[in-house]
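First comes the structure, then the notes that go with it.
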Amino acid sequence: MKNKIKIAIIGGGPSGLFMYKRLIEEVNSEYSIDIFEKNDKLGAGMPYSIHGANEEHITNVSGNEVPKLVTDISEWIRTVDESILHAYGMSAENFHNYKVLPRLLFGQYLTAQFKMLQDSAAKLRIETSVFYNAEVTDIRDDREAGKVSVYSGGQCFIYDRVIICSGHHWPSKYERRFKGCFDSPYPPSKFSSVKHAAIAIKGASLTAIDAIRTLARQHGVFDRINDQVIYRLNPADRSFKIVMHSRNGLLPAVRFHLDDSTLGRESVISKEEIEVIRNNNDGFLPLDEVFERNFKEPIKEKHPEFYSRIKEMKVEEFVDMIMEMREKIDPFDLLKAEYTEAEKSIRRRQSVYWKEMLAVLSFAMNYPAKYFSAEDMIRIRRTLLPLISLVIAFVPQGSAEELIALHNAEVLDLISVGEDSDVEPHPAGGIIYKYKDETGRQCAVNYATFIDCTGQPHLDYEDFPFSTLRTDGTISPAMVKFRSAGEGKNELENGNKLVKPDECDNYYLRVPGIAINDNFQVLDKYNAYNERVYIMAVPFIGGFNPDYSGLDFCETASLAIVNSIVTSLKI
């Protein structure tokens with residue numbers, strides 16, 4: 001019999017789920033699919049399982065914003081046991097697709113979708129094997145044989161194609177060395193030992209809110225009185241206090257109604273358009289052109305008054321305007337105002353349009369970001385991404401209510417610490433937070449507990465976990481070229497250690513992670529793609545994908561990958 005074409009998916013979380021869905025829609029019984037999952041459940045991954053959530057944590061997307069799987073959430077909810085829904089304060093009768101779900105319940109939904117896909121694969125006679133509690137320790141590409149070896153549990157498995165969907169990765173920095181220091185708030189169960197402490201949180205992102213919601217419940221209770229959420233400390237926990245430390249002194253914006261629940265997935269610049277634009281711009285895709293096309297132009301049609309204010313602005317001027325508006329207001333007063341705005345938006349099902357377009361811009365520029373010049377990539381990272389991370393974080397209303405309640409109870413504060421702040425672990429435990437306050441005074445504050453909540457970092461080439469792919473040259477660091485050699489030389493002379501010249505006096509900016517092409521195939525140092533190894537593990541491709549949008553990213557990347565596999569294997 002003819003040997004089956006073997007495909008491996010490394011990671012069975014949300015990325016692996018969308019990848020598996022795409023594959024079984026396109027391949028046939030001549031293919032077999034193996035899935036390696038380091039935990040004991042498919043679908044949920046870290047964010048939607050006990051490894052990343054407790055009962056108090058909720059999603060920041062509603063059912064109508066989730067890309068199509070087998071069944072939609074409102075349909076699936078009707079199949080869930082009433083006792084499970086009741087535990088989350090829900091009922092099938094009152095649920096609709098504009099509601100958000102508890103993260104653990106959403107994880108159950110994703111797990112159920114994976115099972116349905118497995119059943120579909122079985123009917124199509126597509127052989128699927130799942131290896132649970134199976135951590136992949138290494139991957140090796142054999143160019144001569146045209147095969148890829150995957151190492152797990154002391155065994156070696158051979159494949160024709162491997163897709164790395166390994167999900168979140170949190171490097172260990174302080175946690176294993178210093179008492180009271182946590183490199184991330186995951187899993188939340190590790191906070192059970194944190195008691196009666198003044199807690200320093202680095203960051204004010206959704207990751208920080210996850211930690212705050214868990215810690216607050218360990219030291220007090222939330223209640224709703226006259227339709228307002230209040231917080232009461234436990235009598236024994238009067239010393240409990242949380243202080244967020246933010247570089248810009250701002251909180252993320254509150255989730256609102258989206259007119260386009262797909263966040264403009266249809267507006268992504270096509271390969272054909274990109275090629276035309278690059279041909280007219282020395283091989284580069286100009287950031288200003290993407291800003292005009294995917295942000296300003298839609299606003300011109302839908303929100304002409306706002307457009308009249310920004311039509312002459314460059315990216316930097318727009319960011320400065322918005323940041324200045326936000327910085328003028330106390331962050332918790334702004335949170336209250338945006339909560340009210342978001343409530344009205346959701347009730348009326350009317351978008352806050354400029355914010356929605358910023359989310360569209362983020363999604364649209366992510367896929368072709370590898371074609372930005374180094375000059376534009378620096379602009380993105382210094383100006384645009386900090387704003388995007390604030391405005392399109394989409395803090396759920398329930399989370400916003402709790403932050404306000406904690407601040408009203410004088411349990412939660414936020415301090416602006418600037419970019420030059422520093423965390424110094426103390427040998428006896430805890431940390432010293434060093435920063436300059438708003439008056440320029442140098443501060444050094446001791447905290448018994450420190451939690452890094454800056455979110456999933458974009459990891460470097462050296463952090464890539466499958467070392468053989470690195471040592472044998474299968475992968476390479478992600479680099480973008482300076483359009484102007486003079487600008488690259490200036491950056492280098494001004495101390496930018498990420499700038500690298502070549503023998504032809506070209507200058508390149510090294511960005512996080514590894515190099516990939518449009519099909520998410522890894523590239524070697526000669527910029528040659530590998531037709532056997534694909535990656536959609538976002539922590540390791542952050543240089544060429546500077547912003548990624550959760551499940552939207554999973555859907556888009558999986559489509560590009562499966563189309564490439566179908567073409568290369570001539571299915």
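Scheme for the structure tokens: letters A, B, ... for chains in order shown; per-chain residue numbers from 1; ligand numbers from 1 in order shown.
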
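The list of residues with at least one atom within 6 Å of region 177-194 of chain A, based on only C-alpha atoms and without residues fewer than 6 positions apart in the same chain, reads His51, Gly52, Ala211, Gly429, Gly430, Thr449, Phe450, Ile451, Asp452 and Cys453 of chain A.
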
Could you write out that same residue set with C-alpha atoms as a short mmCIF file (atom, residue, chain, number, x, y, z; two decimals), in the first residue's frame?
```
data_model
loop_
_atom_site.label_atom_id
_atom_site.label_comp_id
_atom_site.auth_asym_id
_atom_site.auth_seq_id
_atom_site.Cartn_x
_atom_site.Cartn_y
_atom_site.Cartn_z
CA HIS A 51 -3.20 26.73 33.29
CA GLY A 52 -4.32 30.26 32.47
CA ALA A 211 -3.89 38.65 38.34
CA GLY A 429 12.31 37.87 48.91
CA GLY A 430 10.24 40.43 47.09
CA THR A 449 5.29 40.29 46.15
CA PHE A 450 6.03 41.11 42.51
CA ILE A 451 4.15 39.85 39.44
CA ASP A 452 5.31 40.54 35.88
CA CYS A 453 2.07 41.18 33.99
#
```

Out of region 56-291 of chain A, which residues get alpha helix (DSSP H) from DSSP, as a compact mmCIF listing (two decimals) with N, CA, C and O atoms, in the first residue's frame?
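The resulting file, states18.txt, is reproduced below:
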```
# COMPACT_ATOMS: atom_id res chain seq x y z
N ILE A 73 -21.31 29.35 19.32
CA ILE A 73 -21.38 29.21 20.77
C ILE A 73 -22.82 29.11 21.25
O ILE A 73 -23.14 28.29 22.13
N SER A 74 -23.73 29.90 20.69
CA SER A 74 -25.12 29.87 21.15
C SER A 74 -25.75 28.51 20.90
O SER A 74 -26.58 28.04 21.70
N GLU A 75 -25.34 27.85 19.83
CA GLU A 75 -25.83 26.50 19.55
C GLU A 75 -25.23 25.50 20.53
O GLU A 75 -25.92 24.62 21.05
N TRP A 76 -23.92 25.64 20.80
CA TRP A 76 -23.25 24.71 21.71
C TRP A 76 -23.77 24.85 23.14
O TRP A 76 -23.93 23.84 23.85
N ILE A 77 -24.05 26.08 23.56
CA ILE A 77 -24.51 26.32 24.94
C ILE A 77 -25.73 25.47 25.27
O ILE A 77 -25.89 24.98 26.39
N GLU A 82 -27.04 21.83 32.55
CA GLU A 82 -27.51 23.02 33.27
C GLU A 82 -26.70 23.28 34.54
O GLU A 82 -26.50 24.44 34.92
N SER A 83 -26.23 22.23 35.20
CA SER A 83 -25.46 22.42 36.43
C SER A 83 -24.14 23.15 36.15
O SER A 83 -23.68 23.95 36.97
N ILE A 84 -23.54 22.89 34.98
CA ILE A 84 -22.31 23.57 34.61
C ILE A 84 -22.59 25.05 34.35
O ILE A 84 -21.87 25.93 34.84
N LEU A 85 -23.64 25.33 33.59
CA LEU A 85 -24.00 26.72 33.32
C LEU A 85 -24.36 27.46 34.60
O LEU A 85 -23.97 28.62 34.80
N HIS A 86 -25.09 26.78 35.47
CA HIS A 86 -25.50 27.40 36.74
C HIS A 86 -24.28 27.78 37.58
O HIS A 86 -24.29 28.83 38.25
N ALA A 87 -23.24 26.97 37.54
CA ALA A 87 -22.02 27.27 38.31
C ALA A 87 -21.38 28.57 37.84
O ALA A 87 -20.68 29.24 38.62
N ARG A 103 -13.79 32.20 30.76
CA ARG A 103 -12.73 31.60 29.94
C ARG A 103 -12.71 30.08 30.06
O ARG A 103 -12.46 29.38 29.06
N LEU A 104 -12.94 29.55 31.24
CA LEU A 104 -12.91 28.09 31.39
C LEU A 104 -14.06 27.44 30.63
O LEU A 104 -13.89 26.35 30.05
N LEU A 105 -15.22 28.10 30.60
CA LEU A 105 -16.34 27.56 29.83
C LEU A 105 -16.05 27.66 28.34
O LEU A 105 -16.36 26.74 27.57
N PHE A 106 -15.43 28.75 27.92
CA PHE A 106 -15.04 28.87 26.52
C PHE A 106 -14.04 27.78 26.15
O PHE A 106 -14.07 27.24 25.04
N GLY A 107 -13.16 27.43 27.09
CA GLY A 107 -12.23 26.33 26.86
C GLY A 107 -12.96 25.02 26.62
O GLY A 107 -12.55 24.22 25.76
N GLN A 108 -14.05 24.80 27.37
CA GLN A 108 -14.85 23.59 27.14
C GLN A 108 -15.47 23.60 25.74
O GLN A 108 -15.57 22.56 25.09
N TYR A 109 -15.88 24.78 25.30
CA TYR A 109 -16.42 24.92 23.94
C TYR A 109 -15.36 24.52 22.90
O TYR A 109 -15.65 23.75 21.98
N LEU A 110 -14.14 25.04 23.06
CA LEU A 110 -13.08 24.72 22.11
C LEU A 110 -12.74 23.23 22.13
O LEU A 110 -12.49 22.62 21.09
N THR A 111 -12.74 22.64 23.32
CA THR A 111 -12.48 21.20 23.43
C THR A 111 -13.57 20.40 22.71
O THR A 111 -13.28 19.43 22.00
N ALA A 112 -14.82 20.84 22.87
CA ALA A 112 -15.93 20.16 22.19
C ALA A 112 -15.81 20.29 20.68
O ALA A 112 -16.10 19.33 19.93
N GLN A 113 -15.36 21.45 20.21
CA GLN A 113 -15.19 21.65 18.77
C GLN A 113 -14.10 20.72 18.23
O GLN A 113 -14.22 20.17 17.13
N PHE A 114 -13.04 20.55 19.00
CA PHE A 114 -11.96 19.65 18.58
C PHE A 114 -12.49 18.22 18.43
O PHE A 114 -12.18 17.52 17.47
N LYS A 115 -13.31 17.80 19.41
CA LYS A 115 -13.88 16.45 19.35
C LYS A 115 -14.76 16.28 18.11
O LYS A 115 -14.72 15.24 17.44
N MET A 116 -15.55 17.29 17.79
CA MET A 116 -16.40 17.22 16.60
C MET A 116 -15.56 17.12 15.33
O MET A 116 -15.90 16.38 14.40
N LEU A 117 -14.45 17.85 15.30
CA LEU A 117 -13.56 17.77 14.15
C LEU A 117 -12.92 16.39 14.04
O LEU A 117 -12.75 15.86 12.93
N GLN A 118 -12.56 15.81 15.18
CA GLN A 118 -12.01 14.44 15.16
C GLN A 118 -13.03 13.46 14.61
O GLN A 118 -12.69 12.55 13.84
N ASP A 119 -14.29 13.63 15.01
CA ASP A 119 -15.36 12.76 14.50
C ASP A 119 -15.51 12.93 12.99
O ASP A 119 -15.70 11.96 12.25
N SER A 120 -15.43 14.17 12.52
CA SER A 120 -15.53 14.43 11.08
C SER A 120 -14.37 13.78 10.34
O SER A 120 -14.56 13.20 9.25
N ALA A 121 -13.17 13.88 10.91
CA ALA A 121 -12.00 13.27 10.28
C ALA A 121 -12.16 11.76 10.18
O ALA A 121 -11.81 11.16 9.15
N ALA A 122 -12.70 11.16 11.23
CA ALA A 122 -12.90 9.71 11.22
C ALA A 122 -13.86 9.30 10.10
O ALA A 122 -13.64 8.29 9.42
N LYS A 123 -14.93 10.08 9.91
CA LYS A 123 -15.89 9.77 8.85
C LYS A 123 -15.26 9.90 7.47
O LYS A 123 -15.63 9.19 6.53
N LEU A 206 -4.37 43.25 30.00
CA LEU A 206 -5.32 42.20 30.34
C LEU A 206 -4.68 41.16 31.24
O LEU A 206 -5.35 40.57 32.10
N THR A 207 -3.39 40.93 31.05
CA THR A 207 -2.66 39.99 31.91
C THR A 207 -2.67 40.48 33.35
O THR A 207 -2.86 39.70 34.29
N ALA A 208 -2.48 41.78 33.55
CA ALA A 208 -2.52 42.35 34.89
C ALA A 208 -3.91 42.21 35.50
O ALA A 208 -4.06 41.89 36.69
N ILE A 209 -4.93 42.41 34.68
CA ILE A 209 -6.30 42.30 35.19
C ILE A 209 -6.60 40.87 35.62
O ILE A 209 -7.30 40.64 36.61
N ASP A 210 -6.06 39.89 34.90
CA ASP A 210 -6.21 38.49 35.33
C ASP A 210 -5.69 38.30 36.75
O ASP A 210 -6.35 37.70 37.61
N ALA A 211 -4.48 38.80 37.00
CA ALA A 211 -3.89 38.65 38.34
C ALA A 211 -4.71 39.39 39.38
O ALA A 211 -4.94 38.87 40.49
N ILE A 212 -5.16 40.58 39.07
CA ILE A 212 -5.91 41.40 40.03
C ILE A 212 -7.21 40.73 40.42
O ILE A 212 -7.57 40.69 41.60
N ARG A 213 -7.92 40.17 39.45
CA ARG A 213 -9.20 39.54 39.76
C ARG A 213 -9.01 38.33 40.68
O ARG A 213 -9.83 38.08 41.57
N THR A 214 -7.94 37.58 40.46
CA THR A 214 -7.68 36.42 41.32
C THR A 214 -7.27 36.85 42.72
O THR A 214 -7.81 36.35 43.72
N LEU A 215 -6.32 37.77 42.82
CA LEU A 215 -5.83 38.21 44.12
C LEU A 215 -6.92 38.89 44.94
O LEU A 215 -7.00 38.71 46.17
N ALA A 216 -7.78 39.65 44.28
CA ALA A 216 -8.85 40.34 44.99
C ALA A 216 -9.77 39.34 45.69
O ALA A 216 -10.22 39.57 46.82
N ARG A 217 -10.06 38.23 45.04
CA ARG A 217 -10.96 37.24 45.63
C ARG A 217 -10.32 36.48 46.78
O ARG A 217 -11.03 35.92 47.62
N GLN A 218 -9.02 36.46 46.82
CA GLN A 218 -8.35 35.79 47.95
C GLN A 218 -8.33 36.66 49.20
O GLN A 218 -8.06 36.16 50.29
N HIS A 219 -8.60 37.95 49.03
CA HIS A 219 -8.50 38.87 50.16
C HIS A 219 -9.78 39.62 50.46
O HIS A 219 -9.79 40.48 51.35
N LYS A 271 -1.88 39.86 -1.60
CA LYS A 271 -0.51 39.66 -2.08
C LYS A 271 -0.27 40.45 -3.36
O LYS A 271 0.82 41.00 -3.56
N GLU A 272 -1.28 40.50 -4.22
CA GLU A 272 -1.13 41.21 -5.48
C GLU A 272 -0.95 42.71 -5.25
O GLU A 272 -0.09 43.36 -5.87
N GLU A 273 -1.76 43.26 -4.33
CA GLU A 273 -1.63 44.69 -4.01
C GLU A 273 -0.27 44.99 -3.38
O GLU A 273 0.38 45.99 -3.70
N ILE A 274 0.14 44.11 -2.46
CA ILE A 274 1.43 44.30 -1.80
C ILE A 274 2.55 44.33 -2.83
O ILE A 274 3.46 45.17 -2.77
N GLU A 275 2.49 43.43 -3.79
CA GLU A 275 3.54 43.36 -4.81
C GLU A 275 3.60 44.65 -5.62
O GLU A 275 4.68 45.18 -5.90
N VAL A 276 2.43 45.19 -5.98
CA VAL A 276 2.39 46.44 -6.74
C VAL A 276 2.97 47.58 -5.93
O VAL A 276 3.80 48.38 -6.41
N ILE A 277 2.56 47.67 -4.67
CA ILE A 277 3.04 48.75 -3.80
C ILE A 277 4.54 48.64 -3.59
O ILE A 277 5.28 49.63 -3.66
N ARG A 278 5.04 47.44 -3.38
CA ARG A 278 6.47 47.25 -3.16
C ARG A 278 7.28 47.60 -4.40
O ARG A 278 8.38 48.15 -4.30
N ASN A 279 6.74 47.25 -5.55
CA ASN A 279 7.45 47.56 -6.80
C ASN A 279 7.62 49.07 -6.98
O ASN A 279 8.57 49.51 -7.64
N LEU A 287 4.47 52.14 5.80
CA LEU A 287 3.51 52.19 6.90
C LEU A 287 2.46 53.28 6.65
O LEU A 287 1.27 53.08 6.94
N ASP A 288 2.88 54.44 6.14
CA ASP A 288 1.95 55.54 5.94
C ASP A 288 0.84 55.15 4.96
O ASP A 288 -0.30 55.58 5.10
N GLU A 289 1.18 54.32 3.96
CA GLU A 289 0.17 53.88 3.00
C GLU A 289 -0.84 52.94 3.64
O GLU A 289 -2.05 53.03 3.38
N VAL A 290 -0.38 52.05 4.51
CA VAL A 290 -1.29 51.16 5.23
C VAL A 290 -2.18 51.97 6.18
O VAL A 290 -3.38 51.70 6.32
N PHE A 291 -1.61 52.98 6.83
CA PHE A 291 -2.35 53.85 7.74
C PHE A 291 -3.47 54.59 6.99
O PHE A 291 -4.61 54.68 7.48
```

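The two atoms in question, CA of Asp460 (chain A) and CA of Gly513 (chain A), are spaced 4.4 Å apart.
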
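The residue that comes closest to Leu459 (chain A), out of A:Tyr529, A:Tyr433, A:Phe540, A:Tyr507 and on the basis of only C-alpha atoms, is A:Phe540.
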
What parts of region 157-376 of chain A does DSSP call strand (DSSP E)? I'd like the answer as JSON, numbers by chain.
{"A": [157, 158, 159, 161, 162, 163, 164, 181, 182, 198, 199, 200, 201, 202, 220, 221, 222, 223, 224, 225, 228, 229, 230, 231, 232, 233, 241, 242, 243, 244, 245, 246]}

Pull N, CA, C and O atoms from the residues just selected and write them as a short mmCIF file (atom, residue, chain, number, x, y, z; two decimals), in the first residue's frame.
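The result, stored in selection.cif:
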```cif
data_model
loop_
_atom_site.label_atom_id
_atom_site.label_comp_id
_atom_site.auth_asym_id
_atom_site.auth_seq_id
_atom_site.Cartn_x
_atom_site.Cartn_y
_atom_site.Cartn_z
N PHE A 157 9.60 10.61 15.91
CA PHE A 157 8.52 10.43 14.95
C PHE A 157 8.89 11.17 13.66
O PHE A 157 9.41 12.28 13.71
N ILE A 158 8.61 10.56 12.51
CA ILE A 158 9.01 11.11 11.22
C ILE A 158 7.79 11.62 10.45
O ILE A 158 6.79 10.91 10.34
N TYR A 159 7.92 12.86 9.90
CA TYR A 159 6.78 13.48 9.21
C TYR A 159 7.22 14.13 7.90
O TYR A 159 8.38 14.47 7.70
N ARG A 161 5.37 16.97 6.91
CA ARG A 161 5.15 18.38 7.24
C ARG A 161 4.93 18.50 8.75
O ARG A 161 4.24 17.66 9.33
N VAL A 162 5.51 19.55 9.34
CA VAL A 162 5.33 19.82 10.77
C VAL A 162 4.88 21.27 10.94
O VAL A 162 5.47 22.18 10.34
N ILE A 163 3.84 21.47 11.73
CA ILE A 163 3.32 22.81 12.00
C ILE A 163 3.44 23.07 13.50
O ILE A 163 2.83 22.37 14.31
N ILE A 164 4.24 24.07 13.85
CA ILE A 164 4.50 24.37 15.27
C ILE A 164 3.43 25.34 15.76
O ILE A 164 3.37 26.50 15.33
N CYS A 181 8.44 36.41 43.88
CA CYS A 181 8.54 36.96 42.53
C CYS A 181 7.90 35.99 41.53
O CYS A 181 8.21 34.79 41.56
N PHE A 182 7.05 36.51 40.68
CA PHE A 182 6.34 35.69 39.70
C PHE A 182 6.58 36.25 38.30
O PHE A 182 6.35 37.44 38.06
N ALA A 198 1.53 43.77 50.27
CA ALA A 198 1.52 44.85 49.29
C ALA A 198 2.12 44.27 48.01
O ALA A 198 3.25 43.79 48.02
N ILE A 199 1.36 44.30 46.94
CA ILE A 199 1.73 43.58 45.72
C ILE A 199 2.04 44.56 44.61
O ILE A 199 1.23 45.45 44.30
N ALA A 200 3.21 44.42 44.00
CA ALA A 200 3.59 45.23 42.84
C ALA A 200 3.31 44.45 41.57
O ALA A 200 3.77 43.31 41.43
N ILE A 201 2.56 45.06 40.67
CA ILE A 201 2.29 44.46 39.37
C ILE A 201 2.97 45.31 38.31
O ILE A 201 2.78 46.52 38.26
N LYS A 202 3.76 44.67 37.48
CA LYS A 202 4.38 45.36 36.34
C LYS A 202 3.46 45.24 35.15
O LYS A 202 3.18 44.15 34.67
N GLY A 220 -10.85 39.33 49.74
CA GLY A 220 -12.11 40.02 49.98
C GLY A 220 -13.20 39.50 49.07
O GLY A 220 -13.05 38.46 48.43
N VAL A 221 -14.32 40.25 49.04
CA VAL A 221 -15.47 39.81 48.25
C VAL A 221 -16.03 40.98 47.45
O VAL A 221 -15.98 42.14 47.88
N PHE A 222 -16.54 40.65 46.26
CA PHE A 222 -17.28 41.61 45.46
C PHE A 222 -18.76 41.42 45.69
O PHE A 222 -19.24 40.30 45.90
N ASP A 223 -19.50 42.51 45.64
CA ASP A 223 -20.96 42.46 45.77
C ASP A 223 -21.56 43.51 44.84
O ASP A 223 -20.86 44.43 44.40
N ARG A 224 -22.82 43.36 44.52
CA ARG A 224 -23.51 44.33 43.68
C ARG A 224 -24.64 44.95 44.48
O ARG A 224 -25.55 44.25 44.93
N ILE A 225 -24.58 46.26 44.68
CA ILE A 225 -25.59 46.99 45.44
C ILE A 225 -26.09 48.15 44.58
O ILE A 225 -25.29 48.97 44.11
N GLN A 228 -24.40 48.60 41.32
CA GLN A 228 -22.99 49.01 41.34
C GLN A 228 -22.17 47.95 42.06
O GLN A 228 -22.54 47.47 43.13
N VAL A 229 -21.03 47.60 41.46
CA VAL A 229 -20.14 46.60 42.08
C VAL A 229 -19.30 47.28 43.15
O VAL A 229 -18.71 48.35 42.92
N ILE A 230 -19.28 46.68 44.33
CA ILE A 230 -18.44 47.18 45.42
C ILE A 230 -17.52 46.07 45.90
O ILE A 230 -17.76 44.88 45.62
N TYR A 231 -16.46 46.43 46.60
CA TYR A 231 -15.49 45.46 47.09
C TYR A 231 -15.27 45.69 48.58
O TYR A 231 -15.11 46.84 49.02
N ARG A 232 -15.25 44.57 49.32
CA ARG A 232 -14.99 44.63 50.76
C ARG A 232 -13.83 43.69 51.11
O ARG A 232 -13.86 42.51 50.74
N LEU A 233 -12.84 44.23 51.79
CA LEU A 233 -11.72 43.42 52.25
C LEU A 233 -12.15 42.49 53.38
O LEU A 233 -13.02 42.84 54.19
N LYS A 241 -2.90 45.33 49.37
CA LYS A 241 -2.89 46.46 48.45
C LYS A 241 -2.23 46.02 47.14
O LYS A 241 -1.22 45.30 47.16
N ILE A 242 -2.79 46.45 46.01
CA ILE A 242 -2.21 46.16 44.70
C ILE A 242 -1.83 47.48 44.04
O ILE A 242 -2.65 48.41 43.99
N VAL A 243 -0.60 47.55 43.54
CA VAL A 243 -0.15 48.74 42.83
C VAL A 243 0.33 48.32 41.44
O VAL A 243 1.31 47.58 41.31
N MET A 244 -0.38 48.79 40.41
CA MET A 244 0.07 48.57 39.04
C MET A 244 1.11 49.62 38.67
O MET A 244 0.99 50.78 39.06
N HIS A 245 2.11 49.19 37.91
CA HIS A 245 3.17 50.09 37.45
C HIS A 245 3.15 50.08 35.92
O HIS A 245 3.48 49.07 35.29
N SER A 246 2.75 51.21 35.34
CA SER A 246 2.58 51.32 33.90
C SER A 246 3.55 52.33 33.33
O SER A 246 3.77 53.39 33.91
#
```

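Proximity of A:Asp142, A:Phe520, A:Ala374, A:Glu324 to Val499 (chain A), computed with only C-alpha atoms, is greatest for A:Ala374.
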
For Leu387 (chain A), work out the shell of residues within 9 Å, counting only C-alpha atoms and skipping chain neighbours fewer than 5 positions away, then give it as a ChimeraX atom specification.
/A:319,322-323,392

Which residues of region 500-570 of chain A have any atom within 9 Å of an atom in region 350-373 of chain A when counting only C-alpha atoms, and what is the closest pair of atoms for each, with the distance in Å to one decimal? Order the rows by chain and rising number and write it as JSON lines.
```
{"residue": "A:Leu509", "atom": "CA", "partner": "A:Ser373", "partner_atom": "CA", "distance": 9.0}
{"residue": "A:Ala515", "atom": "CA", "partner": "A:Lys370", "partner_atom": "CA", "distance": 8.7}
{"residue": "A:Ile516", "atom": "CA", "partner": "A:Lys370", "partner_atom": "CA", "distance": 8.5}
{"residue": "A:Asn517", "atom": "CA", "partner": "A:Lys370", "partner_atom": "CA", "distance": 8.2}
{"residue": "A:Asp518", "atom": "CA", "partner": "A:Tyr367", "partner_atom": "CA", "distance": 7.6}
{"residue": "A:Gly543", "atom": "CA", "partner": "A:Lys370", "partner_atom": "CA", "distance": 7.8}
{"residue": "A:Phe544", "atom": "CA", "partner": "A:Lys370", "partner_atom": "CA", "distance": 4.7}
{"residue": "A:Asn545", "atom": "CA", "partner": "A:Asn366", "partner_atom": "CA", "distance": 5.0}
{"residue": "A:Pro546", "atom": "CA", "partner": "A:Asn366", "partner_atom": "CA", "distance": 6.1}
{"residue": "A:Asp547", "atom": "CA", "partner": "A:Asn366", "partner_atom": "CA", "distance": 5.7}
{"residue": "A:Tyr548", "atom": "CA", "partner": "A:Asn366", "partner_atom": "CA", "distance": 6.7}
{"residue": "A:Ser549", "atom": "CA", "partner": "A:Phe363", "partner_atom": "CA", "distance": 6.7}
{"residue": "A:Asp552", "atom": "CA", "partner": "A:Phe363", "partner_atom": "CA", "distance": 8.4}
{"residue": "A:Phe553", "atom": "CA", "partner": "A:Phe363", "partner_atom": "CA", "distance": 8.2}
{"residue": "A:Thr556", "atom": "CA", "partner": "A:Tyr367", "partner_atom": "CA", "distance": 8.9}
{"residue": "A:Ala557", "atom": "CA", "partner": "A:Tyr367", "partner_atom": "CA", "distance": 8.7}
```

Correct to one decimal, the distance CA of Ser484 (chain A)-CA of Glu317 (chain A) is 22.5 Å
